Amino acid sequence: MRNTDSAVGRVAAAIETIECRDGALNCFTQVTSRRAQAEAARLDESMARGASRPVLAGKTYAVKNLFDIEGEVTLAGLSLNAHREAASSDAVLIDRLQRAGAIMLGALNMDACAYGFTTENTAYGSTRNPHDLERSAGGSSGGSAAAVAAGLVDFSLGSDTNGSIRVPSSFCGVFGLKPTYGRLPRTGTFPFVNSLDHLGPFARDVRTLAAVYDAMQGPDSGDPACAQRPAEPTMAQLDGGISNLRVARLMGYFDVWAGPEARAASLNVAQTLGAYEEVELPSVERARAAAFLITAAEAGQLHMPALKQHYDDFEPLIRDRLLAGGLQPASWYLHAQRVRSWFRTRVLELMQQYDVLIAPATPFPATRLGKEWVELNGQRLPLRPNVGLMTQPISFIGLPVVAVPLKGAGHLPMAVQVIGAPWREDNCLRVAAWLQRSGAAYCEVVHA
Amino acid sequence: MSNDEEVRSYLRAAAALEGITLNEAQIDRLAVVFARNLELAQTVLTSPLDVRDELAPTYRS
């Protein structure tokens, strides 16, 4: 019998679970067993010497493979990057988690360049959904969500540009936090869309999610977009309840484009919270179009040098989208930024009346791998870009969101977005914690 | 840009300015994606917004 009270024992058990189950799931692209064993041994020794127990002591985790891990090559989902030099140091968030006692087990699969919502990767294979191996884990942080859902790690880190934390949270049925834009430093991570990229955690319970988030907060000069705000810990308010929060359900666009399961999930959560007010955001379709154009332009320009040199070797699922984006006229990009500014102002006006807004996280539950088209609102739409219908307008203006998983009507889970005002992650986490305590939110290890 | 040939001409020229030479098959694929972006751009460009709404480095105190 292994002693899982010790960090060394927990790590050994986790490595065994990964070896046993990840072949079917394809969450990991690198398992850093030696490093994890060394970190665990150091933690156990430190505790044996009487040091105080760090807040995340012995918790195991892994990171989307766009985070720098010292001594490992940062892939960002691209096989072209496999020839790059190994990272000389850890990403800032990994460093902070290590100080908090968490133990890193490796790097996780993703859509190439984070440009996708399904984690179907030509070079590294598809990550499979633990609830149904024929279905997508969501993306682009699919490996991160699936690893948590399957119990391979206690928590994980991902990134979210247009929905890449909230979509896989919904498909895999785990909690995910996309903080306010600028809250967590991105130093030591491979970028996708500089003006939209966020980092955040996944976990199976809100307490772990909040503890990990709290451990990662604080400014860092390495990321110019990171706000110079001191850490604002959320853990102490988690059990504060929801009685003083003004909650409304987002309708209009968010109802029209929701499939039946998504609509039911949003309504169910709103009713559970006693939120009977319904509100609409203005010009959401235009905001989403602008987010698409900004994404295409910034990502296209970022990867233009690589596209010039290695077009034929570039991930075929995205190379034309990147190149088309990189060749867009400047007027499109500038006007899209104006739309962003306008939309943010209107939404912030609305947020003066409400603390939290509720919306589905995805229009439908996890879809089959390889699926190309979906029927929605009476229209036949290409699946891959439209998985992010519900998330893209929210991250466009950087609002904090907790994706809260619910038990779906069938065997597949779904999540709703609990959306807060800028810098009010605490409100989102309080609502998520309340939903978990009430039994409305549902997440447990999937043993399929 | 209103028709397929204008899109294709634009893409050839824009790619050439970036130092990229595309063959016809690549242009075909790119034109499909670009046309989708063009449709989104029409949605965005019709909004009555001006330069004051652009983000800029602003020092406030």
# chains A, B, ... in the order shown; residues from 1 in each chain; ligands from 1
>>> closest_atom_pairs(of="chain A", to="chain B", cutoff="8 Å", atoms="only C-alpha atoms", output="Markdown table")
| residue | atom | partner | partner_atom | distance |
| --- | --- | --- | --- | --- |
| A:Arg286 | CA | B:Val44 | CA | 5.8 |
| A:Ala287 | CA | B:Val44 | CA | 7.9 |
| A:Ala289 | CA | B:Leu40 | CA | 5.2 |
| A:Ala290 | CA | B:Val44 | CA | 6.1 |
| A:Phe292 | CA | B:Leu40 | CA | 7.8 |
| A:Leu293 | CA | B:Asn37 | CA | 6.8 |
| A:Lys308 | CA | B:Ile20 | CA | 6.1 |
| A:Asp320 | CA | B:Leu30 | CA | 5.5 |
| A:Arg321 | CA | B:Val33 | CA | 6.2 |
| A:Leu323 | CA | B:Leu30 | CA | 7.6 |
| A:Ala324 | CA | B:Phe34 | CA | 5.4 |
| A:Gly325 | CA | B:Phe34 | CA | 7.6 |
| A:Leu327 | CA | B:Ala14 | CA | 6.1 |
| A:Trp332 | CA | B:Ala41 | CA | 6.0 |
| A:Leu334 | CA | B:Glu54 | CA | 7.2 |
| A:His335 | CA | B:Leu45 | CA | 6.3 |
| A:Ala336 | CA | B:Val44 | CA | 6.2 |
| A:Gln337 | CA | B:Glu54 | CA | 6.1 |
| A:Arg338 | CA | B:Asp53 | CA | 4.8 |
| A:Val339 | CA | B:Val44 | CA | 7.1 |
| A:Ser341 | CA | B:Asp53 | CA | 5.9 |
| A:Trp342 | CA | B:Asp53 | CA | 6.7 |
>>> residues_around(residues="Arg99 of chain A", least_positions_apart="4", cutoff="12 Å", atoms="only C-alpha atoms", output="list of chain:residue names")
A:Glu39, A:Arg42, A:Leu43, A:Arg53, A:Pro54, A:Val55, A:Leu56, A:Ala57, A:Gly58, A:Val92, A:Leu93, A:Ile94, A:Asp95, A:Ile103, A:Met104, A:Val212, A:Ala215, A:Met216
>>> atom_distance(atom1="atom CA of Leu177 of chain A", atom2="atom CA of Ala123 of chain A")
28.0 Å
>>> closest_atom_pairs(of="segment 252-284 of chain A", to="segment 392-400 of chain A", cutoff="10 Å", atoms="only C-alpha atoms", output="CSV")
residue,atom,partner,partner_atom,distance
A:Phe254,CA,A:Pro393,CA,10.0
A:Leu281,CA,A:Pro393,CA,9.7
A:Ser283,CA,A:Pro393,CA,9.8
A:Val284,CA,A:Pro393,CA,6.5
>>> residues_around(residues="Glu134 of chain A", least_positions_apart="4", cutoff="7 Å", atoms="only C-alpha atoms", output="ChimeraX atom specification")
/A:128,368-369
>>> write_last_selection(atoms="C-alpha atoms", output="JSON list (two decimals), in the first residue's frame")
[["chain", "number", "residue", "atom", "x", "y", "z"],
["A", 128, "ARG", "CA", -10.29, 12.43, -26.00],
["A", 368, "ARG", "CA", -17.79, 13.89, -31.84],
["A", 369, "LEU", "CA", -14.16, 14.15, -32.94]]
>>> atom_distance(atom1="atom CA of Glu120 of chain A", atom2="atom CA of Val446 of chain A")
20.9 Å
>>> closest_residue(among="A:Leu25, A:Ala409, A:Val206, A:Ile242", to="Arg135 of chain A", atoms="only C-alpha atoms")
A:Leu25
>>> atom_distance(atom1="atom CA of Gly9 of chain A", atom2="atom CA of Thr32 of chain A")
15.8 Å
>>> residues_around(residues="Ser156 of chain A", least_positions_apart="4", cutoff="10 Å", atoms="only C-alpha atoms", output="VMD selection string")
chain A and resid 60 to 64 104 to 108 141 143 to 148 152 176 200 to 203 209 212
>>> write_last_selection(atoms="N, CA and C atoms", output="compact mmCIF listing (two decimals), in the first residue's frame")
# COMPACT_ATOMS: atom_id res chain seq x y z
N THR A 60 -1.03 17.83 -7.14
CA THR A 60 -0.37 17.58 -8.42
C THR A 60 -1.06 18.39 -9.52
N TYR A 61 -0.25 18.83 -10.49
CA TYR A 61 -0.84 19.58 -11.59
C TYR A 61 0.03 19.44 -12.84
N ALA A 62 -0.54 19.90 -13.96
CA ALA A 62 0.20 19.94 -15.23
C ALA A 62 -0.26 21.18 -15.98
N VAL A 63 0.49 21.54 -17.01
CA VAL A 63 0.22 22.81 -17.70
C VAL A 63 0.06 22.60 -19.20
N LYS A 64 -0.78 23.38 -19.80
CA LYS A 64 -0.92 23.42 -21.27
C LYS A 64 0.47 23.61 -21.88
N MET A 104 4.52 19.76 -10.21
CA MET A 104 4.22 19.77 -11.63
C MET A 104 4.57 18.44 -12.29
N LEU A 105 3.62 17.92 -13.04
CA LEU A 105 3.79 16.59 -13.62
C LEU A 105 4.00 16.60 -15.14
N GLY A 106 3.88 17.76 -15.78
CA GLY A 106 4.18 17.75 -17.21
C GLY A 106 3.36 18.72 -18.01
N ALA A 107 3.43 18.53 -19.35
CA ALA A 107 2.79 19.44 -20.29
C ALA A 107 1.64 18.73 -21.00
N LEU A 108 0.63 19.51 -21.35
CA LEU A 108 -0.64 18.95 -21.82
C LEU A 108 -0.97 19.39 -23.24
N SER A 141 -7.53 24.36 -24.62
CA SER A 141 -6.86 23.73 -23.47
C SER A 141 -7.49 22.37 -23.17
N GLY A 143 -6.31 19.23 -23.27
CA GLY A 143 -5.53 18.33 -22.42
C GLY A 143 -5.65 18.73 -20.96
N SER A 144 -5.70 20.04 -20.69
CA SER A 144 -5.77 20.53 -19.32
C SER A 144 -7.09 20.13 -18.66
N ALA A 145 -8.20 20.28 -19.38
CA ALA A 145 -9.51 19.95 -18.81
C ALA A 145 -9.69 18.44 -18.66
N ALA A 146 -9.27 17.70 -19.69
CA ALA A 146 -9.46 16.24 -19.65
C ALA A 146 -8.62 15.60 -18.55
N ALA A 147 -7.40 16.12 -18.34
CA ALA A 147 -6.53 15.55 -17.30
C ALA A 147 -7.15 15.72 -15.91
N VAL A 148 -7.82 16.85 -15.70
CA VAL A 148 -8.50 17.08 -14.40
C VAL A 148 -9.75 16.21 -14.30
N LEU A 152 -6.20 12.60 -13.46
CA LEU A 152 -4.76 12.39 -13.65
C LEU A 152 -3.96 13.37 -12.80
N GLY A 176 -13.50 25.91 -14.33
CA GLY A 176 -12.41 26.64 -14.97
C GLY A 176 -12.55 28.13 -14.66
N GLY A 200 -5.29 30.73 -16.80
CA GLY A 200 -6.13 30.41 -15.65
C GLY A 200 -6.14 28.92 -15.33
N PRO A 201 -6.73 28.56 -14.18
CA PRO A 201 -6.71 27.17 -13.72
C PRO A 201 -8.00 26.39 -13.99
N PHE A 202 -7.87 25.07 -13.96
CA PHE A 202 -8.99 24.12 -13.95
C PHE A 202 -8.89 23.31 -12.65
N ALA A 203 -10.05 22.92 -12.11
CA ALA A 203 -10.04 22.03 -10.92
C ALA A 203 -11.39 21.33 -10.82
N LEU A 209 -9.76 25.51 -6.97
CA LEU A 209 -9.66 26.54 -8.03
C LEU A 209 -9.25 27.88 -7.42
N VAL A 212 -5.59 27.86 -5.96
CA VAL A 212 -4.58 27.93 -7.04
C VAL A 212 -4.54 29.35 -7.60
